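Q: Here you go, one structure.
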Amino acid sequence: MPVWGAVISKRQVSDLVAYLRADLPAVPTAEPPPTPTGQGLAVEGAALYTGYGCNNCHGPNGLGGVPNPQSPDKTVPPLSGVVFRGEFNTEQKVIDFIRSGSVIGRAPIVSMPHWGGIIPKEQLRALAAYLKTLK
């Protein structure tokens with residue numbers, strides 16, 4: 001069975017494909033807000049954190065706590081605190097993890113997608129700078 005079969009059903013995949021092929025009209029107002037520049041990497045990273053949807057899983061301000069029933073503590077991990085800082089004690093470790101993502105545990109589990117090739121290098125640095133500001 002394909003990997004996605006453990007997460008969503010064949011019916012859900014078919015419905016999703018039909019939706020994507022529906023040729024819905026463009027929504028002219030569906031523009032992401034501009035990412036601030038010239039105010040420091042952390043400010044840019046804060047906007048990117050929301051823009052790329054990191055907050056959907058890791059919570060506002062990287063506090064975590066979003067349910068993930070198959071993970072060891074049943075939540076998505078925070079991006080702040082002593083444990084996070086101990087494991088990700090360099091900018092490069094943060095960037096490498098964002099690039100590669102993770103799959104931990106057994107299905108169904110919410111895993112972190114890989115962002116390598118999607119988020120440009122400078123934006124990765126900005127995200128890492130923002131995460132460094134979280135306590």
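Ligands are numbered from 1 in the order shown, chains are lettered A, B, ... in the order of the structure tokens, and residues start at 1 in each chain.
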Could you pull out the residues in chain A that DSSP calls helix (DSSP H, G or I) from the backbone, as a count of residues only?

A: 64

Q: Would you mind listing what lies within 8 Å of Gly116 in chain A as a short mmCIF file (atom, residue, chain, number, x, y, z; two decimals) with N, CA, C and O atoms, in the first residue's frame, with only C-alpha atoms counted and same-chain residues fewer than 5 positions away left out?

A:
data_model
loop_
_atom_site.label_atom_id
_atom_site.label_comp_id
_atom_site.auth_asym_id
_atom_site.auth_seq_id
_atom_site.Cartn_x
_atom_site.Cartn_y
_atom_site.Cartn_z
N ILE A 98 14.67 21.41 9.14
CA ILE A 98 13.60 21.96 8.31
C ILE A 98 13.71 21.40 6.90
O ILE A 98 12.71 21.01 6.30
N ARG A 99 14.91 21.34 6.37
CA ARG A 99 15.12 20.79 5.02
C ARG A 99 14.68 19.35 4.90
O ARG A 99 14.07 18.96 3.93
N SER A 100 15.04 18.51 5.89
CA SER A 100 14.81 17.06 5.76
C SER A 100 13.48 16.60 6.32
O SER A 100 12.97 15.55 5.92
#

Q: Hey, which of A:Lys93, A:Lys132, A:Pro32, A:His114 ends up closest to Leu79 in chain A? Count only C-alpha atoms.

A: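 Using only C-alpha atoms, Leu79 in chain A sits closest to A:Lys132.
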
Q: If we count only C-alpha atoms, what is near Thr133 in chain A at a cut-off of 12 Å, once residues fewer than 4 positions away on the same chain are taken out, given as a list of chain:residue names?

A: A:Leu41, A:Ala42, A:Val43, A:Gly45, A:Ala46, A:Asn61, A:Gly62, A:Leu79, A:Ser80, A:Gly81, A:Arg85, A:Glu91, A:Ala126, A:Leu127, A:Ala128, A:Ala129

Q: Keeping only C-alpha atoms, write those residues as a PDB file, in the first residue's frame.

A:
ATOM      1  CA  LEU A  41      16.192  38.081   9.971  1.00  0.00           C
ATOM      2  CA  ALA A  42      14.108  37.294  13.070  1.00  0.00           C
ATOM      3  CA  VAL A  43      11.308  39.667  11.989  1.00  0.00           C
ATOM      4  CA  GLY A  45      11.391  34.653  10.061  1.00  0.00           C
ATOM      5  CA  ALA A  46       8.352  35.390  12.245  1.00  0.00           C
ATOM      6  CA  ASN A  61       5.281  31.301  19.125  1.00  0.00           C
ATOM      7  CA  GLY A  62       6.491  27.704  18.727  1.00  0.00           C
ATOM      8  CA  LEU A  79      10.181  24.884  18.961  1.00  0.00           C
ATOM      9  CA  SER A  80      11.293  26.506  22.161  1.00  0.00           C
ATOM     10  CA  GLY A  81      12.432  25.514  25.611  1.00  0.00           C
ATOM     11  CA  ARG A  85      17.593  24.284  22.522  1.00  0.00           C
ATOM     12  CA  GLU A  91      21.451  27.424  13.291  1.00  0.00           C
ATOM     13  CA  ALA A 126      15.408  33.811   8.762  1.00  0.00           C
ATOM     14  CA  LEU A 127      13.280  30.990  10.199  1.00  0.00           C
ATOM     15  CA  ALA A 128      16.227  29.777  12.282  1.00  0.00           C
ATOM     16  CA  ALA A 129      16.812  33.345  13.522  1.00  0.00           C
TER      17      ALA A 129
END

Q: Would you mind reading off the distance between CA of Met112 in chain A and CA of Val76 in chain A, one decimal, in Å?

A: 9.2 Å
